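Participant: Before anything else, here's the structure in question.
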Amino acid sequence: MGALDGLKILDLSQILAGPYCTMVLGDLGAEVIKLEKLNGGDDTRQMGPFVNGESTSFFQINRNKKSITVNLKTDEGKEVFYRLAKEVDVIVENYRPGVAASLKIGYEDIKKINPGIIYCSISGYGQTGPYSHKGGFDLVAQGMSSLMSITGEKGGRPLKSGVAVYDIGAGITAAYAILAAYVHKLKTGNGQHVDLSLAEIGLPWFAWEAAAYFANGTIPTATGHRHRALAPYQAFRTKSSYFMLGCGNQRNWEKFCIEVIDRPGWIRDPRFIDNKMRIENIEILEKEIESILIEHDTKYWTERCEKAGVPAGPINNFDEAMNDPHYLARDMVQEVDHPVIGKMKMIGIPTKLSETPGEIRSASPVLGQHTLEVLRSLGYTEEEINQLEGNKVISKANVNETL
Amino acid sequence: MLPLEGMRVLDMTQIMAGPYCTMVLGDLGADVMKIERIPGGDDTRRMGPFVENESVSFMMINRNKKSLTLNLKTEKGKQIFYELAKKADVIVENYKPGVVKSLGIDYETIEAMNPGIIYCSVSGYGQTGPYSHKGGFDIMAQGMTGLMSMTGEPGGRPVKAGIAMNDISAGVTALYSILAAYVHKMKTGVGQYIDVSLVESGLAWSVWESAAYFGAGEVPTATGSRHRMNAPYQAYKTKDGYVLVGGANQRNWEKFCKGVVEKPEWIDDPRFLTTVERVKNVEELEQCIEEIFIHETTAYWVNKLDQAEVPGGPINTYDQTLNDPHILARGMVQEFEHPRAGKMKTLGIPAKLSKTPGQIRMAAPMLGQHAEKILSEDLGYTPEEIQQLRENGVI
């Protein structure tokens with residue numbers, strides 16, 4: 001049993017933010033019907049790498065969903081959409097603001113036929129405000145919110161975070177907002193519109209930066225691999241690679257000096273006497289520590305830190321991460337059988353619920369895989385379905401189709 | 001009305017991941033009681049900057065919560081905790097695995113007295129597996145998940161994301177898990193245990209990277225500001241700084257060639273024909289674009305991108321972001337009144353719900369600010385009993 005058994009979602013979104021949201025809800029038990037455009041469907045289906053012509057990018061974030069292809073620009077296609085919209089609790093869309101309304105599938109349209117609908121719009125800049133008409137992607141939001149200005153080496157070229165943090169962040173913000181709205185609906189029967197944007201969702205994550213800025217106007221800058229307020233708390237070079245050392249307090253620093261690098265004298269060294277001095281002399285400190293660490297490999301230093309109880313860890317590349325015994329023990333790598341791709345691995349579910357654990361029940365669908373099933377469940381007859389297909393309103397799955 | 005009105009949360013967490021989770025629950029209407037240790041409370045209370053001796057860092061992520069100081073190592077303190085736990089829907093904790101058991105406040109103990117409890121543990125590595133005993137902070141998780149190996153210049157030193165990304169990912173993962181469990185509880189009355197870790201929550205964000213790795217065996221490396229699978233999608237140098245271009249599909253690319261750089265011939269250039277070709281020749285593409293961009297300012301190019309309807313924008317500094325007219329129009333900077341620090345600004349609420357919008361109802365509490373109120377109103381203690389508890393160092 002899933003925690004969200006019985007929750008029905010109609011998913012109009014594509015690429016990453018919306019699909020991540022509906023994947024999370026699907027993992028937790030919701031029934032997700034993904035409505036795709038006829039010509040190629042979700043844009044991610046065109047993104048490589050491909051296995052047997054199917055996108056593995058699409059595969060990674062569209063598990064536990066059904067696919068139905070509908071042409072929303074036709075009246076008959078709209079009719080199919082309205083019939084579905086009456087049956088569901090939640091609609092998720094990520095069109096540019098205004099597009100859903102012009103297609104007559106906006107919140108105001110749907111609310112009339114299903115007042116309990118929870119209608120979630122994810123966009124670059126939100127449904128209101130001076131930039132609402134603009135298109136926005138993850139990278140543009142990383143720039144707009146200033147995240148790129150604080151990521152990277154001091155004085156260097158601005159960098160983005162290695163993963164699409166704002167797309168995923170928007171997806172997760174949508175997931176919790178929808179669940180809160182669903183709780184409200186379970187209590188009152190009322191639905192509502194949820195409006196969120198890539199440009200905003202990351203801002204509340206700047207808690208420490210906001211504190212410094214609002215209290216005394218400090219503008220945070222990039223600190224590379226170093227922590228803004230703690231030292232030594234950063235990446236260090238060893239003989240073999242890099243490793244993370246986290247002396248978050250004085251006790252850890254002292255243990256590090258005595259038990260890890262055998263420099264007990266540093267504890268009384270005025271340059272390193274407390275966290276404040278260590279931050280002030282971070283360049284010297286880094287040089288001194290690295291001149292010692294360079295003599296042995298990462299494994300050696302990680303083990304010494306662990307023995308001394310000093311927080312430390314490797315900087316994995318993705319290959320190392322995916323083969324790490326801890327991740328494997330925690331089921332973070334799972335294998336799924338896909339009708340076209342065959343057996344393929346994917347990342348597991350990060351939240352472990354004891355009573356209703358999330359589950360990968362099905363692989364990502366091929367385009368239109370469930371069109372027939374969904375239309376039949378809405379009461380369409382075989383004749384009507386054939387007619388819709390003839391009029392290019394829907395398309396049935398063709399697993400041999402190459403993209 | 002707020003969507004989570006009536007949900008009672010006992011918050012035993014500190015620093016960032018847990019407090020972020022309970023802040024959002026509070027924003028959405030939950031009644032959050034923060035239980036803090038004696039002396040000192042949440043470690044964030046000692047993080048600067050300070051206004052009137054109150055930590056502004058603490059204020060930023062503990063609004064909409066009440067504070068109760070409780071010594072859980074005393075029998076009486078534990079008793080009060082149990083009384084609160086019996087009335088709670090949700091408990092969130094972020095001790096190192098094993099600590100709650102030794103304190104006698106673990107899931108099994110609480111479930112025996114409140115079978116509907118949703119008990120969420122947030123830890124560095126999770127409650128099981130070979131590393132569960134280790135302490136883990138955000139930065140270790142950024143190393144473990146591979147995030148640092150993918151952030152930075154190609155071939156350069158690994159760089160961390162500018163903010164505590166894996167603390168946040170754990171906080172929001174806890175958040176949606178708690179809400180899903182709460183939905184299940186509303187329907188069935190049954191509670192459960194939730195085990196969330198920094199290293200797993202962060203890993204689950206590497207979606208395109210897992211596609212490349214599992215689909216083609218590629219190990220994703222740092223790409224500077226470039227997208228892994230799309231081009232042009234990165235920062236380009238201008239006369240006075242950088243500008244971001246998000247040409248994520250063929251239509252945007254064509255609009256970019258015609259309307260922004262005025263090089264329509266690039267559309268048929270075999271090097272740039274499709275996304276796949278543009279990613280393969282990304283260095284050359286970057287050079288071609290920067291040769292043009294370097295002659296004008298960032299503002300000029302942002303304007304030109306807007307006119308051509310190609311997603312693009314500046315790389316703001318933090319002050320530019322928080323003074324941006326759009327960010328202000330969306331209510332992302334709010335002011336509240338703190339009993340000691342006075343008027344303070346904070347970040348607003350990013351999820352806009354039309355009927356039950358989140359609200360900043362109160363500032364972050366001073367340490368133990370609501371002890372009396374909670375003990376008398378929620379648990380029925382008399383003023384004399386409360387005085388006694390205070391004298392005995394229990395609250």
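Each chain of the structure tokens is named A, B, ... in the order shown, its residues numbered from 1; ligands are numbered from 1 in display order.
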Which residues are close to range 372-387 of chain A, i.e. within 10 Å by only C-alpha atoms, leaving aside same-chain residues fewer than 3 positions away? Reply as a ChimeraX atom specification.

Facilitator: /A:33,66-69,80,83-84,87,368-369,390-397

Participant: Residues of range 227-285 of chain B classed as strand (DSSP E or B) by DSSP on the backbone are to be reported as a ChimeraX atom specification.

Facilitator: /B:233-237,242-246

Participant: Separation of CA of Ile118 in chain B and CA of Met1 in chain B, in Å?

Facilitator: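 Rounded to one decimal, the two atoms are 23.4 Å apart.
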
Participant: Can you work out which one of B:Lys78, B:His326, B:Arg390, B:Lys65 has the shortest atom-to-atom distance to chain A, counting only C-alpha atoms?

Facilitator: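 Ranking B:Lys78, B:His326, B:Arg390, B:Lys65 by distance to chain A, first place goes to B:His326.
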
Participant: Can you list, as an MDAnalysis selection string, all residues belonging to range 141-332 of chain A that DSSP tags as helix (DSSP H, G or I)?

Facilitator: chainID A and resid 141:144 148:150 165:188 198:201 203:205 207:216 250:260 264:268 270:272 275:280 282:293 298:308 318:322 325:329

Participant: Have a look at A:Ala17, A:Ile9, A:Met47, A:Ile61 and name the one nearest to Ala85 in chain A; count only C-alpha atoms.

Facilitator: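 Nearest to Ala85 in chain A: A:Ile9.
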
Participant: Need to verify the contact set: Ser121 in chain B, 7 Å, only C-alpha atoms, exclusion of same-chain residues closer than 5 positions in sequence. Can you return it as a ChimeraX atom specification?

Facilitator: /B:92-94,194-196

Participant: Write out as a list in words which residues come within 9 Å of Thr221 in chain A when counting only C-alpha atoms, dropping same-chain ones fewer than 5 positions away.

Facilitator: Ser149, Ile150, Thr151, Gly152, Lys154, Gly155 and Arg228 of chain A; Gly162, Thr317 and Tyr318 of chain B

Participant: Would you pick out the contacts of Ala235 in chain B at 9 Å or less, using only C-alpha atoms, so that residues sharing its chain but fewer than 4 positions from it are not included, and give the list as a list in words?

Facilitator: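 Counting only the stated atoms, we get Leu139, Gly143, Arg157, Pro158, Leu159 and Lys160 of chain A; Gly224, Ser225, Arg226, Tyr242, Val243, Leu244, Val245, Pro314 and Ile315 of chain B.
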
Participant: Output the selection as a PDB file, in the first residue's frame - N, CA, C and O atoms for each residue.

Facilitator:
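To be explicit, this is the file written out as part_12.pdb:
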ATOM      1  N   LEU A 139      18.985  27.098 -15.389  1.00  0.00           N
ATOM      2  CA  LEU A 139      20.224  27.883 -15.403  1.00  0.00           C
ATOM      3  C   LEU A 139      19.934  29.373 -15.217  1.00  0.00           C
ATOM      4  O   LEU A 139      20.632  30.075 -14.485  1.00  0.00           O
ATOM      5  N   GLY A 143      21.096  31.921 -12.127  1.00  0.00           N
ATOM      6  CA  GLY A 143      21.694  33.245 -12.283  1.00  0.00           C
ATOM      7  C   GLY A 143      20.870  34.317 -11.589  1.00  0.00           C
ATOM      8  O   GLY A 143      21.383  35.116 -10.817  1.00  0.00           O
ATOM      9  N   ARG A 157      35.299  32.396 -13.047  1.00  0.00           N
ATOM     10  CA  ARG A 157      34.093  32.404 -13.857  1.00  0.00           C
ATOM     11  C   ARG A 157      32.940  31.859 -13.018  1.00  0.00           C
ATOM     12  O   ARG A 157      33.126  30.917 -12.265  1.00  0.00           O
ATOM     13  N   PRO A 158      31.734  32.460 -13.105  1.00  0.00           N
ATOM     14  CA  PRO A 158      30.623  31.926 -12.307  1.00  0.00           C
ATOM     15  C   PRO A 158      30.287  30.498 -12.734  1.00  0.00           C
ATOM     16  O   PRO A 158      30.369  30.167 -13.913  1.00  0.00           O
ATOM     17  N   LEU A 159      29.925  29.683 -11.762  1.00  0.00           N
ATOM     18  CA  LEU A 159      29.650  28.274 -12.048  1.00  0.00           C
ATOM     19  C   LEU A 159      28.227  27.923 -11.669  1.00  0.00           C
ATOM     20  O   LEU A 159      27.670  28.490 -10.746  1.00  0.00           O
ATOM     21  N   LYS A 160      27.682  26.933 -12.367  1.00  0.00           N
ATOM     22  CA  LYS A 160      26.389  26.414 -11.928  1.00  0.00           C
ATOM     23  C   LYS A 160      26.625  25.213 -11.019  1.00  0.00           C
ATOM     24  O   LYS A 160      27.690  24.606 -11.068  1.00  0.00           O
TER      25      LYS A 160
ATOM     26  N   GLY B 224      31.624  23.456 -15.620  1.00  0.00           N
ATOM     27  CA  GLY B 224      31.621  24.917 -15.472  1.00  0.00           C
ATOM     28  C   GLY B 224      30.205  25.429 -15.366  1.00  0.00           C
ATOM     29  O   GLY B 224      29.470  25.051 -14.469  1.00  0.00           O
ATOM     30  N   SER B 225      29.785  26.254 -16.306  1.00  0.00           N
ATOM     31  CA  SER B 225      28.408  26.738 -16.291  1.00  0.00           C
ATOM     32  C   SER B 225      27.583  26.046 -17.368  1.00  0.00           C
ATOM     33  O   SER B 225      26.429  26.363 -17.576  1.00  0.00           O
ATOM     34  N   ARG B 226      28.197  25.095 -18.066  1.00  0.00           N
ATOM     35  CA  ARG B 226      27.493  24.467 -19.189  1.00  0.00           C
ATOM     36  C   ARG B 226      26.552  23.355 -18.750  1.00  0.00           C
ATOM     37  O   ARG B 226      26.830  22.633 -17.813  1.00  0.00           O
ATOM     38  N   TYR B 242      28.751  38.660 -17.416  1.00  0.00           N
ATOM     39  CA  TYR B 242      28.293  37.425 -18.041  1.00  0.00           C
ATOM     40  C   TYR B 242      26.801  37.506 -18.316  1.00  0.00           C
ATOM     41  O   TYR B 242      26.087  38.250 -17.654  1.00  0.00           O
ATOM     42  N   VAL B 243      26.346  36.728 -19.277  1.00  0.00           N
ATOM     43  CA  VAL B 243      24.909  36.617 -19.512  1.00  0.00           C
ATOM     44  C   VAL B 243      24.582  35.138 -19.701  1.00  0.00           C
ATOM     45  O   VAL B 243      25.387  34.375 -20.240  1.00  0.00           O
ATOM     46  N   LEU B 244      23.409  34.755 -19.193  1.00  0.00           N
ATOM     47  CA  LEU B 244      22.983  33.358 -19.318  1.00  0.00           C
ATOM     48  C   LEU B 244      22.086  33.200 -20.529  1.00  0.00           C
ATOM     49  O   LEU B 244      21.205  34.031 -20.755  1.00  0.00           O
ATOM     50  N   VAL B 245      22.306  32.131 -21.283  1.00  0.00           N
ATOM     51  CA  VAL B 245      21.442  31.816 -22.414  1.00  0.00           C
ATOM     52  C   VAL B 245      20.908  30.407 -22.219  1.00  0.00           C
ATOM     53  O   VAL B 245      21.682  29.481 -21.980  1.00  0.00           O
ATOM     54  N   PRO B 314      20.618  37.712 -16.380  1.00  0.00           N
ATOM     55  CA  PRO B 314      21.905  38.072 -15.787  1.00  0.00           C
ATOM     56  C   PRO B 314      22.312  37.088 -14.690  1.00  0.00           C
ATOM     57  O   PRO B 314      21.513  36.256 -14.274  1.00  0.00           O
ATOM     58  N   ILE B 315      23.557  37.178 -14.261  1.00  0.00           N
ATOM     59  CA  ILE B 315      23.994  36.477 -13.046  1.00  0.00           C
ATOM     60  C   ILE B 315      24.030  37.521 -11.942  1.00  0.00           C
ATOM     61  O   ILE B 315      24.960  38.307 -11.845  1.00  0.00           O
TER      62      ILE B 315
END

Participant: Which residues, written as JSON, numbers by chain, have at least one atom at most 12 Å from range 294-304 of chain B, with only C-alpha atoms counted and residues fewer than 2 positions away on the same chain left out?

Facilitator: {"A": [134, 140, 144], "B": [235, 236, 237, 238, 239, 240, 241, 242, 243, 244, 245, 246, 255, 256, 257, 258, 259, 260, 261, 262, 286, 287, 288, 289, 290, 291, 292, 306, 307, 308, 309, 310, 311, 312, 313, 314, 315, 316]}

Participant: Produce a file of the selected residues containing C-alpha atoms, as a PDB file, in the first residue's frame.

Facilitator:
ATOM      1  CA  LYS A 134       9.255  35.364 -19.845  1.00  0.00           C
ATOM      2  CA  VAL A 140      18.510  31.256 -15.780  1.00  0.00           C
ATOM      3  CA  MET A 144      18.653  35.294 -11.266  1.00  0.00           C
TER       4      MET A 144
ATOM      5  CA  ALA B 235      27.024  31.671 -19.126  1.00  0.00           C
ATOM      6  CA  TYR B 236      28.778  33.684 -21.834  1.00  0.00           C
ATOM      7  CA  LYS B 237      31.247  36.503 -21.324  1.00  0.00           C
ATOM      8  CA  THR B 238      30.056  39.987 -22.278  1.00  0.00           C
ATOM      9  CA  LYS B 239      31.754  43.380 -22.295  1.00  0.00           C
ATOM     10  CA  ASP B 240      31.047  43.920 -18.587  1.00  0.00           C
ATOM     11  CA  GLY B 241      30.265  40.508 -17.092  1.00  0.00           C
ATOM     12  CA  TYR B 242      28.293  37.425 -18.041  1.00  0.00           C
ATOM     13  CA  VAL B 243      24.909  36.617 -19.512  1.00  0.00           C
ATOM     14  CA  LEU B 244      22.983  33.358 -19.318  1.00  0.00           C
ATOM     15  CA  VAL B 245      21.442  31.816 -22.414  1.00  0.00           C
ATOM     16  CA  GLY B 246      18.969  28.947 -22.139  1.00  0.00           C
ATOM     17  CA  LYS B 255      15.334  32.307 -32.575  1.00  0.00           C
ATOM     18  CA  PHE B 256      18.733  32.868 -30.959  1.00  0.00           C
ATOM     19  CA  CYS B 257      20.564  32.676 -34.314  1.00  0.00           C
ATOM     20  CA  LYS B 258      18.155  35.005 -36.077  1.00  0.00           C
ATOM     21  CA  GLY B 259      17.053  37.446 -33.398  1.00  0.00           C
ATOM     22  CA  VAL B 260      19.971  37.646 -30.946  1.00  0.00           C
ATOM     23  CA  VAL B 261      23.341  37.065 -32.653  1.00  0.00           C
ATOM     24  CA  GLU B 262      21.974  37.676 -36.162  1.00  0.00           C
ATOM     25  CA  GLU B 286      31.135  29.047 -27.057  1.00  0.00           C
ATOM     26  CA  GLN B 287      33.939  30.742 -28.950  1.00  0.00           C
ATOM     27  CA  CYS B 288      31.656  31.801 -31.803  1.00  0.00           C
ATOM     28  CA  ILE B 289      29.055  33.241 -29.417  1.00  0.00           C
ATOM     29  CA  GLU B 290      31.559  35.017 -27.150  1.00  0.00           C
ATOM     30  CA  GLU B 291      33.235  36.676 -30.135  1.00  0.00           C
ATOM     31  CA  ILE B 292      29.915  38.434 -30.672  1.00  0.00           C
ATOM     32  CA  ASP B 306      13.922  39.086 -24.144  1.00  0.00           C
ATOM     33  CA  GLN B 307      12.912  40.668 -27.431  1.00  0.00           C
ATOM     34  CA  ALA B 308      13.691  37.472 -29.335  1.00  0.00           C
ATOM     35  CA  GLU B 309      11.832  35.485 -26.639  1.00  0.00           C
ATOM     36  CA  VAL B 310      14.854  33.331 -25.921  1.00  0.00           C
ATOM     37  CA  PRO B 311      15.212  32.491 -22.198  1.00  0.00           C
ATOM     38  CA  GLY B 312      18.173  34.341 -20.788  1.00  0.00           C
ATOM     39  CA  GLY B 313      19.187  36.547 -17.920  1.00  0.00           C
ATOM     40  CA  PRO B 314      21.905  38.072 -15.787  1.00  0.00           C
ATOM     41  CA  ILE B 315      23.994  36.477 -13.046  1.00  0.00           C
ATOM     42  CA  ASN B 316      22.870  38.566 -10.110  1.00  0.00           C
TER      43      ASN B 316
END

Participant: Excluding Asp269 in chain B and its own-chain neighbours fewer than 2 positions away, which residues fall within 12 Å of it when counting only C-alpha atoms? Please give them as a list in words.

Facilitator: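 After dropping sequence-adjacent residues, the list is Glu254, Cys257, Lys263, Pro264, Glu265, Trp266, Ile267, Arg271, Phe272, Leu273, Thr274, Glu277, Arg278, Asn281 and Leu285 of chain B.
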
Participant: Hey, can you spit out that residue selection with N, CA, C and O atoms as a tab-separated table (two decimals), in the first residue's frame?

Facilitator:
chain	number	residue	atom	x	y	z
B	254	GLU	N	17.00	28.48	-32.97
B	254	GLU	CA	16.79	29.20	-34.23
B	254	GLU	C	16.46	30.67	-33.97
B	254	GLU	O	16.96	31.56	-34.67
B	257	CYS	N	19.73	32.39	-33.14
B	257	CYS	CA	20.56	32.68	-34.31
B	257	CYS	C	20.05	33.90	-35.08
B	257	CYS	O	20.81	34.78	-35.45
B	263	LYS	N	22.94	35.60	-36.84
B	263	LYS	CA	23.74	34.68	-37.66
B	263	LYS	C	22.83	33.55	-38.17
B	263	LYS	O	22.96	32.40	-37.75
B	264	PRO	N	21.85	33.89	-39.02
B	264	PRO	CA	20.91	32.84	-39.46
B	264	PRO	C	21.62	31.66	-40.12
B	264	PRO	O	21.10	30.55	-40.12
B	265	GLU	N	22.82	31.92	-40.66
B	265	GLU	CA	23.52	30.83	-41.35
B	265	GLU	C	23.94	29.71	-40.38
B	265	GLU	O	24.17	28.58	-40.80
B	266	TRP	N	24.01	30.02	-39.05
B	266	TRP	CA	24.37	28.98	-38.09
B	266	TRP	C	23.33	27.85	-38.06
B	266	TRP	O	23.65	26.72	-37.68
B	267	ILE	N	22.08	28.19	-38.40
B	267	ILE	CA	21.01	27.18	-38.32
B	267	ILE	C	21.34	25.98	-39.22
B	267	ILE	O	21.07	24.84	-38.85
B	271	ARG	N	28.04	21.93	-37.91
B	271	ARG	CA	28.55	21.80	-36.54
B	271	ARG	C	27.47	22.03	-35.49
B	271	ARG	O	27.57	21.58	-34.35
B	272	PHE	N	26.42	22.80	-35.86
B	272	PHE	CA	25.42	23.23	-34.88
B	272	PHE	C	24.00	22.76	-35.24
B	272	PHE	O	23.02	23.31	-34.75
B	273	LEU	N	23.91	21.77	-36.10
B	273	LEU	CA	22.64	21.39	-36.68
B	273	LEU	C	21.58	20.95	-35.66
B	273	LEU	O	20.43	21.38	-35.71
B	274	THR	N	21.97	20.10	-34.72
B	274	THR	CA	21.04	19.60	-33.71
B	274	THR	C	21.66	19.74	-32.34
B	274	THR	O	22.85	20.06	-32.21
B	277	GLU	N	24.77	17.73	-32.01
B	277	GLU	CA	25.94	18.34	-32.65
B	277	GLU	C	26.46	19.53	-31.84
B	277	GLU	O	27.66	19.72	-31.69
B	278	ARG	N	25.53	20.32	-31.32
B	278	ARG	CA	25.96	21.52	-30.57
B	278	ARG	C	26.66	21.14	-29.28
B	278	ARG	O	27.60	21.81	-28.85
B	281	ASN	N	30.17	20.02	-30.18
B	281	ASN	CA	31.05	21.14	-30.57
B	281	ASN	C	30.88	22.34	-29.65
B	281	ASN	O	30.96	23.48	-30.08
B	285	LEU	N	31.25	26.40	-30.29
B	285	LEU	CA	30.04	27.22	-30.19
B	285	LEU	C	30.25	28.36	-29.21
B	285	LEU	O	29.89	29.51	-29.47
